[in-house]
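*Asks:* Would you mind keeping the following structure in view while I ask a few things?
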Amino acid sequence: MVQGTTSDAGKSTLVAALCRVLYRRGVCVAPFKPQNMALNSAVTVDGGEIGRAQAVQAQASGLLPHTDMNPVLLKPNSDTGCQVIIHGKAVCNLEAMSYHAYKPTAMRAVLDSWQRLTMQYDCVIVEGAGSPAEINLRDNDIANMGFAEAVDCPVILIADIDKGGVFAHIVGTLALLSESERARVIGFVINRFRGDIALLQSGLDWLEQETGKPVLGVLPYLHNLHIEAEDAVPLSPSFGREIGVRSDMLKIIVPVLPHISNHTDFDALRLHPQVDFQFVKMGETIPSADLIIMPGSKNVRRDLEHLRANGWEQALTKHLRYGGKILGICGGFQMLGKAIHDPHAIEGETGSSAGFAWLNMETTLEQTKQLKQVSGTLTFADVSVTGYEIHMGISTGVALVKPALIINGKGEGAISQDNQIAGTYVHGLFDQAESSAAWLQWAGLQMQQPFDYVTFRESELDRLADCVEQHLDWKSLAQYL
């Protein structure tokens, strides 16, 4: 099990790397995260949803994602509450204090999944959540040491040196663990190191002497590494671009909604050599663009309020007046309609909110979540598209008569009569090269360079695995694997 001294220490990345290294060595390996809190999720082969990080780790293992890889997923829909998803299905909404009382029930689901995975695979690599030293969360813990103790799992502790204070993070974390938990830690991995390793050696020697535990590896900072984010929105400009922004690039912006979900939809655009992509936070100046994409949201009505309060309705209206295109995905699609109704208090208080009314349709949030992997064709180009749907809204109205896609012989989504506005419930529109090219052409990019995001994503997993294979002490790890 990989646990971290902090959030974003590199747990997800190290688990993905370990899975890919073992997979390349012919080991039947699977990832596992007992409990995840994230708004980036993926639809599984068995018709549920799990955290996006575990889907990436499944890919690294040569597997299709399955709900047993992340049996408990928490999707925040407010500052204090979240939707609780057990074995891929939404079971309830709980406030934070109520969820702590629910943990024993969640733990049973975790142990059931763990048993099934360990019966099927030679090796299971587990990812912790946050830090095991969060004292306020230790009661009935199912995400870190509580799980490790329950199944007798050895633990690697990873720490991020790039933020500073790495030795304090490691020693302080150990100090806050119980005696049995400290004994469970088999060693440390220091992540994101830059510079000459000789300058770090005295600190590594001190750490091993102080703790009596080995440093299993020091992983270098991999510049421009692309691994799909577990949750945090990457706010840097177009990812990893080594050239400047050119005038012939297609300018795309996406508002960072307070409850934005599945922003990994846009990774392929951030990496595209002909796209100038930018996430725009609430309160920032809204720049001009060729295409504005309204992303998914875990609380559509509340995010609509934030958009209006921050001037986005006026900016979008002006954008359309000057001939710009708008694409809505999932919750963003719902916002483009006339109204959103929540009669069952799915995302907050019961009631209705007026949408932007650019598409003649209305959406009602239902109690059953739609979860499915889909494939079809675009209506405006002879191009196939594959993706997935995760939503609780059902949209109806005249706008749907002119769909954006055809899936299983039926129309899906909508395109306005003037061809300026489109919307769909399908995530992953830009992952496949042909589908991405068709959407970019619809938005105004004519002469395109081919960009295969799927192949690039695989190559980045291999680059990561190469690094970890080189810098980790595999002899020490062998006895535990």
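Numbering starts fresh at 1 for the residues of each chain in the structure tokens, the chains themselves are lettered A, B, ... in the order given, and ligands are numbered from 1 as they appear.
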Pull the strand (DSSP E or B) assignments for range 113-337 of chain A out of DSSP run on the backbone, and list those residues as an MDAnalysis selection string.
*Replies:* chainID A and resid 123:127 155:160 185:193 215:220 250:256 260:261 275:281 291:294 296:297 325:329
*Asks:* With distances taken over only C-alpha atoms, which of A:Asp265, A:Asp68, A:Glu230, A:Asp196 is nearest to Gln120 in chain A?
*Replies:*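 Ranked by minimum distance to Gln120 in chain A, first place goes to A:Asp68.
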*Asks:* Please provide as a PyMOL selection string all residues within 7 Å of range 31-34 of chain A, with the sequence filter that same-chain residues fewer than 4 positions apart are discarded (counting only C-alpha atoms).
*Replies:* chain A and resi 54+57-58+69-72+110+124-128+142-143
*Asks:* Could you state the separation of CA of Thr350 in chain A and CA of Tyr425 in chain A in Å, given to one decimal place?
*Replies:*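 Distance reported for this atom pair: 22.6 Å.
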*Asks:* Write out as a PDB file with C-alpha atoms, in the first residue's frame which residues come within 12 Å of Arg24 in chain A when counting only C-alpha atoms, dropping same-chain ones fewer than 6 positions away.
*Replies:*
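Below is the file out_4.pdb, written as the result:
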```pdb
ATOM      1  CA  ALA A  17       3.938   3.341 -12.060  1.00  0.00           C
ATOM      2  CA  LEU A  18       4.184   0.200  -9.917  1.00  0.00           C
ATOM      3  CA  ALA A  60      -1.418   0.892 -16.441  1.00  0.00           C
ATOM      4  CA  SER A  61      -2.197  -2.692 -15.390  1.00  0.00           C
ATOM      5  CA  GLY A  62      -3.587  -3.634 -18.802  1.00  0.00           C
ATOM      6  CA  LEU A 461       2.691   5.744 -18.487  1.00  0.00           C
ATOM      7  CA  ASP A 462       5.708   3.941 -19.916  1.00  0.00           C
ATOM      8  CA  ALA A 465       7.365   3.352 -15.302  1.00  0.00           C
ATOM      9  CA  ASP A 466      10.855   3.620 -16.806  1.00  0.00           C
ATOM     10  CA  GLU A 469      12.006   1.088 -12.469  1.00  0.00           C
TER      11      GLU A 469
END
```
*Asks:* Which residue, A:Thr44, A:Thr118, A:Gln209, A:Gln278, has the smallest gap to Gln373 in chain A when you use only C-alpha atoms?
*Replies:*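 Ranking A:Thr44, A:Thr118, A:Gln209, A:Gln278 by distance to Gln373 in chain A, first place goes to A:Thr44.
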*Asks:* Between CA of Ala433 in chain A and CA of Pro255 in chain A, measure the distance and give it in Å to one decimal.
*Replies:*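 One can read the CA of Ala433 in chain A to CA of Pro255 in chain A distance as 23.9 Å.
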*Asks:* Show which residues sit within 7 Å of Ile186 in chain A, as a VMD selection string. Count only C-alpha atoms, and ignore same-chain residues fewer than 5 positions away.
*Replies:* chain A and resid 154 to 156 213
*Asks:* Check the smallest atom-to-atom distance from each of A:Gly411, A:Gly348, A:Pro76, A:Gly331 to Asp231 in chain A using only C-alpha atoms, then report the winner.
*Replies:*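 Once distances to Asp231 in chain A are computed over only C-alpha atoms, the minimum belongs to A:Pro76.
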*Asks:* Work out how far CA of Gln441 in chain A is from CA of Ser297 in chain A, in Å to one decimal.
*Replies:*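 Here the two named atoms are 25.7 Å from each other.
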*Asks:* Excluding range 375-379 of chain A and any residue of its chain fewer than 2 positions from it, enumerate the residues within 10 Å of it, using only C-alpha atoms, and give them as a PyMOL selection string.
*Replies:* chain A and resi 372-373+381-388+402-412+414-415+426+435+438-439
*Asks:* Write out as a PDB file with C-alpha atoms, in the first residue's frame which residues come within 9 Å of Thr5 in chain A when counting only C-alpha atoms, dropping same-chain ones fewer than 6 positions away.
*Replies:*
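Written file, around-v3.pdb:
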```
ATOM      1  CA  GLY A 130      -4.686  12.142   2.035  1.00  0.00           C
ATOM      2  CA  SER A 131      -2.407  11.352   4.971  1.00  0.00           C
ATOM      3  CA  PRO A 132      -2.542   8.587   7.613  1.00  0.00           C
ATOM      4  CA  ALA A 133      -1.634  11.203  10.246  1.00  0.00           C
ATOM      5  CA  LEU A 157       5.252   6.182   2.709  1.00  0.00           C
ATOM      6  CA  ILE A 158       5.774   8.701  -0.107  1.00  0.00           C
ATOM      7  CA  ALA A 159       6.656  12.375   0.454  1.00  0.00           C
ATOM      8  CA  ASP A 160       6.970  15.314  -1.939  1.00  0.00           C
ATOM      9  CA  VAL A 166      10.247  16.505   3.367  1.00  0.00           C
ATOM     10  CA  HIS A 169       6.770  15.349   6.820  1.00  0.00           C
ATOM     11  CA  ILE A 170       8.136  11.817   7.084  1.00  0.00           C
ATOM     12  CA  GLY A 172       6.204  13.801  11.817  1.00  0.00           C
ATOM     13  CA  THR A 173       3.890  11.325  10.097  1.00  0.00           C
TER      14      THR A 173
END
```
*Asks:* So that each row is one residue of range 425-478 of chain A with an atom at most 9 Å from range 214-221 of chain A, can you give its shortest atom pair and the distance in Å to one decimal, using only C-alpha atoms, rows by chain and rising number, as a tab-separated table?
*Replies:*
```
residue	atom	partner	partner_atom	distance
A:Cys467	CA	A:Leu219	CA	7.3
A:Val468	CA	A:Leu219	CA	6.8
A:Gln470	CA	A:Leu219	CA	9.0
A:His471	CA	A:Gly217	CA	5.7
A:Leu472	CA	A:Gly217	CA	4.5
A:Asp473	CA	A:Leu216	CA	5.2
A:Trp474	CA	A:Leu216	CA	8.1
A:Ser476	CA	A:Leu216	CA	7.4
A:Leu477	CA	A:Leu216	CA	8.0
```
*Asks:* Could you give me the residues within range 229-441 of chain A that DSSP places in alpha helix (DSSP H), as JSON, numbers by chain?
*Replies:* {"A": [267, 268, 269, 270, 271, 300, 301, 302, 303, 304, 305, 306, 307, 308, 309, 312, 313, 314, 315, 316, 317, 318, 319, 320, 321, 331, 332, 333, 334, 335, 433, 434, 435, 436, 437, 438, 439, 440, 441]}
*Asks:* Give the answer as one residue: which of A:Val254, A:Phe451, A:Tyr23, A:Arg192 has the shortest atom-to-atom distance to Cys123 in chain A, using only C-alpha atoms?
*Replies:*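 Smallest distance to Cys123 in chain A is found for A:Tyr23.
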*Asks:* Between A:Gln314, A:Gly4, A:Leu73, A:Ser261, which residue has the minimum interatomic distance to Ala232 in chain A, considering only C-alpha atoms?
*Replies:*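 Answer, going by the shortest atom-to-atom distance: A:Ser261.
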*Asks:* Identify which of the residues A:Phe279, A:Val374, A:Gly311, A:Leu63 lies closest to Arg20 in chain A, counting only C-alpha atoms when measuring atom-to-atom distances.
*Replies:*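 Ranked by minimum distance to Arg20 in chain A, first place goes to A:Leu63.
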